[in-house]
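One structure below.
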Amino acid sequence: MSEILFYLGAFMIIIGGICDIFGAIGLLRFPNFYIRLHAATVGTIGGAVIPLFGTSLLALGADFLPHKYAIAGASFVTGVIVLLAAPAGATALAYATHKAKLVKWEPKVDDLAEVRRND
Amino acid sequence: MKRLLGLLILFTVVIGLALYLSLPTQENLRSLGEFYLKNSYFGNYSAKSPEVVTSILWDYRGVDTLFETSVFFLAIIGSLTIFRVEMKKKERGEAKSSLPLPVPVVTKFIATLLLAISASIALHGQVTPGGGFQGGAALAVAPLLIIAAYSKYALENNGLDKTKAIVLRSIGLLGIVLIALAPLLSGGYAMQNQPIFPAEALGVPLGGSLVYYNIFEFLAVGAGFTAVFLLLAIPEEEFKGKGGAYE
């Protein structure tokens with residue numbers, strides 16, 4: 001049982017590392033602000049939330065660890081908070097930027113405009 | 001390429017300086033460090049608190065921390081004086097969020113969580129790392145988030161305006177001073193801890209006076225920061241018509 005938890009947790013931490021690398025590359029290479037925001041969110045959700053859940057599983061599986069439930073609980077709660085806060089922050093940023101017209105709005109696909117055109 | 005060369009030179013210089021200036025390693029403990037290690041938890045001069053940082057901050061170097069706190073409060077008073085705005089207008093703006101739905105909902109949730117987390121940071125200060133200042137700083141993030149997601153009127157319509165924050169801050173400061181002076185009443189010296197205040201209650205280590213200092217510091221720092229944030233969030237239109245100091 002503890003080995004399954006260990007491998008699952010370690011796998012989730014590795015996923016987190018990969019997501020962080022992709023997020024960093026995307027932040028450097030994506031063309032404009034809105035798409036870079038997507039890369040940043042990949043970095044926080046994939047690169048912070050999933051490893052935190054992985055840490056929580058890893059701690060549950062580690063029998064030698066003192067206070068293992070405290071560590072598991074703390075990382076789980078932190079993961080949930082980041083999971084809630086990151087999308088809200090990204091939404092607020094994108095909304096504020098769009099409203100203030102700070103960045104040129106050049107969508108590849110604009111569903112809202114298509115719906116309006118068809119009406 | 002030019003930038004890379006500059007970076008390389010800077011890197012070499014920094015590493016070279018670090019190697020050149022590398023300090024000699026300390027072989028033996030200094031006498032002061034040895035005293036703290038021996039006495040902070042177990043010894044005769046102990047504050048009876050497992051968290052050595054807090055006991056050194058508020059016990060061994062208590063007067064130092066008291067003066068640091070006063071400096072912080074003078075800074076807050078200074079910024080309050082700079083922002084002296086007469087609030088004659090009674091009608092307040094609407095406290096509605098104009099942001100998309102997830103933002104205010106998540107803000108509500110996280111602001112509530114922050115109150116609990118900051119209280120736990122402050123109240124655990126004598127047992128685990130943390131303490132009054134850190135807890136207060138975490139507490140002040142909650143009104144800041146609410147100001148960002150809604151507006152400052154969301155706080156003011158619910159009864160937390162600038163005056164109340166300043167009153168709370170003064171209560172915190174007064175509490176710290178009273179706790180510092182309380183031992184004088186029973187024949188001790190100022191800021192004395194151990195024989196005066198109980199070391200634990202109901203099996204929980206209190207660290208004597210450390211827990212009270214932490215609670216009042218928590219209140220004072222949180223409320224002080226909140227007052228400054230409320231002032232910083234005043235919309236420009238509100239005091240443009242009143243004639244600022246420069247007109």
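In the structure tokens, chains take letters A, B, ... by order of appearance, with residues numbered from 1 within each chain and ligands from 1 in the order shown.
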
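Those residues of chain B that fall within 7 Å of chain A when using only C-alpha atoms read Leu99, Pro102, Val103 and Val106 of chain B.
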
DSSP on the backbone, then: every residue of chain A marked alpha helix (DSSP H), written as a PyMOL selection string.
-> chain A and resi 2-29+33-41+50-61+68-100+111-118

Could you take the residues named above and write them with C-alpha atoms, as a PDB file, in the first residue's frame?
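Output file out17.pdb follows:
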ATOM      1  CA  SER A   2       2.695   2.491   1.001  1.00  0.00           C
ATOM      2  CA  GLU A   3       4.679   1.630  -2.139  1.00  0.00           C
ATOM      3  CA  ILE A   4       1.718   2.393  -4.380  1.00  0.00           C
ATOM      4  CA  LEU A   5       1.306   5.736  -2.618  1.00  0.00           C
ATOM      5  CA  PHE A   6       5.035   6.424  -2.992  1.00  0.00           C
ATOM      6  CA  TYR A   7       5.118   5.729  -6.733  1.00  0.00           C
ATOM      7  CA  LEU A   8       1.874   7.627  -7.352  1.00  0.00           C
ATOM      8  CA  GLY A   9       3.159  10.633  -5.397  1.00  0.00           C
ATOM      9  CA  ALA A  10       6.556  10.586  -7.099  1.00  0.00           C
ATOM     10  CA  PHE A  11       4.845  10.335 -10.512  1.00  0.00           C
ATOM     11  CA  MET A  12       2.698  13.379  -9.714  1.00  0.00           C
ATOM     12  CA  ILE A  13       5.772  15.363  -8.645  1.00  0.00           C
ATOM     13  CA  ILE A  14       7.485  14.465 -11.939  1.00  0.00           C
ATOM     14  CA  ILE A  15       4.381  15.615 -13.837  1.00  0.00           C
ATOM     15  CA  GLY A  16       4.678  18.868 -11.906  1.00  0.00           C
ATOM     16  CA  GLY A  17       8.280  19.329 -13.029  1.00  0.00           C
ATOM     17  CA  ILE A  18       7.360  18.717 -16.662  1.00  0.00           C
ATOM     18  CA  CYS A  19       4.432  21.147 -16.441  1.00  0.00           C
ATOM     19  CA  ASP A  20       6.729  23.779 -14.927  1.00  0.00           C
ATOM     20  CA  ILE A  21       9.204  23.414 -17.801  1.00  0.00           C
ATOM     21  CA  PHE A  22       6.414  23.682 -20.397  1.00  0.00           C
ATOM     22  CA  GLY A  23       4.958  26.668 -18.571  1.00  0.00           C
ATOM     23  CA  ALA A  24       8.340  28.424 -18.534  1.00  0.00           C
ATOM     24  CA  ILE A  25       8.960  27.734 -22.240  1.00  0.00           C
ATOM     25  CA  GLY A  26       5.455  28.909 -23.086  1.00  0.00           C
ATOM     26  CA  LEU A  27       5.890  32.081 -21.043  1.00  0.00           C
ATOM     27  CA  LEU A  28       9.001  32.891 -23.107  1.00  0.00           C
ATOM     28  CA  ARG A  29       7.832  31.803 -26.556  1.00  0.00           C
ATOM     29  CA  PHE A  33      -0.294  38.336 -23.281  1.00  0.00           C
ATOM     30  CA  TYR A  34      -3.457  36.215 -23.243  1.00  0.00           C
ATOM     31  CA  ILE A  35      -1.715  33.056 -24.452  1.00  0.00           C
ATOM     32  CA  ARG A  36       1.184  33.656 -22.060  1.00  0.00           C
ATOM     33  CA  LEU A  37      -1.387  33.813 -19.279  1.00  0.00           C
ATOM     34  CA  HIS A  38      -2.388  30.301 -20.307  1.00  0.00           C
ATOM     35  CA  ALA A  39       1.247  29.166 -19.979  1.00  0.00           C
ATOM     36  CA  ALA A  40       1.476  30.767 -16.537  1.00  0.00           C
ATOM     37  CA  THR A  41      -1.637  28.905 -15.424  1.00  0.00           C
ATOM     38  CA  ILE A  50      -0.428  18.413  -8.768  1.00  0.00           C
ATOM     39  CA  PRO A  51       2.986  18.119  -7.016  1.00  0.00           C
ATOM     40  CA  LEU A  52       1.362  19.316  -3.783  1.00  0.00           C
ATOM     41  CA  PHE A  53      -1.234  16.544  -4.021  1.00  0.00           C
ATOM     42  CA  GLY A  54       1.650  14.183  -4.870  1.00  0.00           C
ATOM     43  CA  THR A  55       3.545  15.323  -1.770  1.00  0.00           C
ATOM     44  CA  SER A  56       0.453  14.644   0.287  1.00  0.00           C
ATOM     45  CA  LEU A  57       0.229  11.054  -1.078  1.00  0.00           C
ATOM     46  CA  LEU A  58       3.975  10.589  -0.565  1.00  0.00           C
ATOM     47  CA  ALA A  59       3.723  11.705   3.057  1.00  0.00           C
ATOM     48  CA  LEU A  60       0.784   9.370   3.675  1.00  0.00           C
ATOM     49  CA  GLY A  61       2.850   6.484   2.335  1.00  0.00           C
ATOM     50  CA  LYS A  68       2.892  12.460   8.472  1.00  0.00           C
ATOM     51  CA  TYR A  69      -0.813  13.297   8.639  1.00  0.00           C
ATOM     52  CA  ALA A  70      -0.016  16.925   9.403  1.00  0.00           C
ATOM     53  CA  ILE A  71       2.294  17.150   6.370  1.00  0.00           C
ATOM     54  CA  ALA A  72      -0.226  15.388   4.113  1.00  0.00           C
ATOM     55  CA  GLY A  73      -3.105  17.573   5.289  1.00  0.00           C
ATOM     56  CA  ALA A  74      -1.143  20.810   4.990  1.00  0.00           C
ATOM     57  CA  SER A  75      -0.019  20.074   1.438  1.00  0.00           C
ATOM     58  CA  PHE A  76      -3.531  18.994   0.427  1.00  0.00           C
ATOM     59  CA  VAL A  77      -5.098  22.188   1.800  1.00  0.00           C
ATOM     60  CA  THR A  78      -2.395  24.328   0.177  1.00  0.00           C
ATOM     61  CA  GLY A  79      -3.047  22.543  -3.131  1.00  0.00           C
ATOM     62  CA  VAL A  80      -6.786  23.224  -2.904  1.00  0.00           C
ATOM     63  CA  ILE A  81      -6.170  26.914  -2.150  1.00  0.00           C
ATOM     64  CA  VAL A  82      -3.811  27.302  -5.121  1.00  0.00           C
ATOM     65  CA  LEU A  83      -6.274  25.359  -7.286  1.00  0.00           C
ATOM     66  CA  LEU A  84      -8.950  27.929  -6.426  1.00  0.00           C
ATOM     67  CA  ALA A  85      -6.812  31.053  -6.465  1.00  0.00           C
ATOM     68  CA  ALA A  86      -4.835  30.561  -9.689  1.00  0.00           C
ATOM     69  CA  PRO A  87      -7.794  30.517 -12.136  1.00  0.00           C
ATOM     70  CA  ALA A  88      -9.445  33.413 -10.307  1.00  0.00           C
ATOM     71  CA  GLY A  89      -6.259  35.461 -10.543  1.00  0.00           C
ATOM     72  CA  ALA A  90      -5.791  34.633 -14.227  1.00  0.00           C
ATOM     73  CA  THR A  91      -9.426  35.544 -14.916  1.00  0.00           C
ATOM     74  CA  ALA A  92      -9.041  38.861 -13.118  1.00  0.00           C
ATOM     75  CA  LEU A  93      -5.836  39.664 -15.027  1.00  0.00           C
ATOM     76  CA  ALA A  94      -7.307  38.811 -18.425  1.00  0.00           C
ATOM     77  CA  TYR A  95     -10.534  40.701 -17.701  1.00  0.00           C
ATOM     78  CA  ALA A  96      -8.716  43.807 -16.469  1.00  0.00           C
ATOM     79  CA  THR A  97      -6.329  43.812 -19.424  1.00  0.00           C
ATOM     80  CA  HIS A  98      -9.179  43.426 -21.899  1.00  0.00           C
ATOM     81  CA  LYS A  99     -11.243  46.119 -20.233  1.00  0.00           C
ATOM     82  CA  ALA A 100      -8.362  48.612 -20.069  1.00  0.00           C
ATOM     83  CA  ASP A 111     -17.033  32.486 -30.599  1.00  0.00           C
ATOM     84  CA  LEU A 112     -18.964  35.433 -29.218  1.00  0.00           C
ATOM     85  CA  ALA A 113     -18.577  37.406 -32.459  1.00  0.00           C
ATOM     86  CA  GLU A 114     -19.670  34.374 -34.511  1.00  0.00           C
ATOM     87  CA  VAL A 115     -22.781  33.906 -32.392  1.00  0.00           C
ATOM     88  CA  ARG A 116     -23.605  37.593 -32.746  1.00  0.00           C
ATOM     89  CA  ARG A 117     -23.118  37.437 -36.504  1.00  0.00           C
ATOM     90  CA  ASN A 118     -25.457  34.452 -36.850  1.00  0.00           C
TER      91      ASN A 118
END

Selection near Glu94 (chain B), 9 Å with only C-alpha atoms, sequence-local residues under 6 positions removed, as number ranges by chain | B: 151, 153-154, 157

Serialized selection, N, CA and C atoms, as a JSON list (two decimals), in the first residue's frame:
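What landed in selection.json:
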[["chain", "number", "residue", "atom", "x", "y", "z"],
["B", 151, "SER", "N", -14.44, 46.53, -3.61],
["B", 151, "SER", "CA", -13.92, 47.89, -3.54],
["B", 151, "SER", "C", -13.76, 48.18, -2.07],
["B", 153, "TYR", "N", -15.45, 50.08, -0.41],
["B", 153, "TYR", "CA", -16.76, 50.27, 0.20],
["B", 153, "TYR", "C", -17.31, 48.97, 0.75],
["B", 154, "ALA", "N", -16.87, 47.82, 0.19],
["B", 154, "ALA", "CA", -17.32, 46.54, 0.72],
["B", 154, "ALA", "C", -16.90, 46.39, 2.17],
["B", 157, "ASN", "N", -18.89, 49.43, 4.26],
["B", 157, "ASN", "CA", -20.31, 49.16, 4.50],
["B", 157, "ASN", "C", -20.50, 48.07, 5.53]]

Which polymer residues have any atom within 9 Å of an atom of region 64-70 of chain B, counting only C-alpha atoms, with same-chain residues fewer than 3 positions away left out, as a PyMOL selection string?
-> chain B and resi 57-58+60-61+73-75+173+176-177+180+217

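Residues of region 95-223 of chain B assigned to strand (DSSP E or B) by DSSP on this structure's backbone: Glu200, Ala201, Val204 and Pro205 of chain B.
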
12 Å contact set for Val52 (chain B), only C-alpha atoms, chain neighbours under 6 positions out, as a PDB file with C-alpha atoms, in the first residue's frame:
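Output file part32.pdb follows:
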ATOM      1  CA  GLY B  33      25.177  31.667  21.130  1.00  0.00           C
ATOM      2  CA  TYR B  36      21.094  31.002  24.173  1.00  0.00           C
ATOM      3  CA  LEU B  37      21.416  27.321  23.237  1.00  0.00           C
ATOM      4  CA  LYS B  38      21.821  26.232  26.829  1.00  0.00           C
ATOM      5  CA  ASN B  39      19.201  28.465  28.416  1.00  0.00           C
ATOM      6  CA  SER B  40      16.487  29.270  25.902  1.00  0.00           C
ATOM      7  CA  TYR B  41      14.456  26.123  26.525  1.00  0.00           C
ATOM      8  CA  PHE B  42      15.896  24.031  29.335  1.00  0.00           C
ATOM      9  CA  SER B  46      14.176  29.828  30.014  1.00  0.00           C
ATOM     10  CA  TRP B  58      10.171  38.740  22.885  1.00  0.00           C
ATOM     11  CA  ASP B  59      12.108  37.586  25.939  1.00  0.00           C
ATOM     12  CA  TYR B  60      15.873  37.850  25.673  1.00  0.00           C
ATOM     13  CA  ARG B  61      15.721  40.770  23.259  1.00  0.00           C
ATOM     14  CA  GLY B 125       3.907  31.620  17.709  1.00  0.00           C
ATOM     15  CA  GLN B 126       5.182  30.246  21.028  1.00  0.00           C
ATOM     16  CA  VAL B 127       5.113  26.610  19.821  1.00  0.00           C
ATOM     17  CA  THR B 128       5.988  26.617  16.124  1.00  0.00           C
ATOM     18  CA  PRO B 129       7.675  29.165  13.858  1.00  0.00           C
ATOM     19  CA  GLY B 130       5.447  32.166  13.285  1.00  0.00           C
ATOM     20  CA  GLY B 131       4.345  34.897  15.611  1.00  0.00           C
ATOM     21  CA  GLY B 207       5.602  30.555  26.936  1.00  0.00           C
ATOM     22  CA  LEU B 210       4.985  35.451  24.761  1.00  0.00           C
TER      23      LEU B 210
END
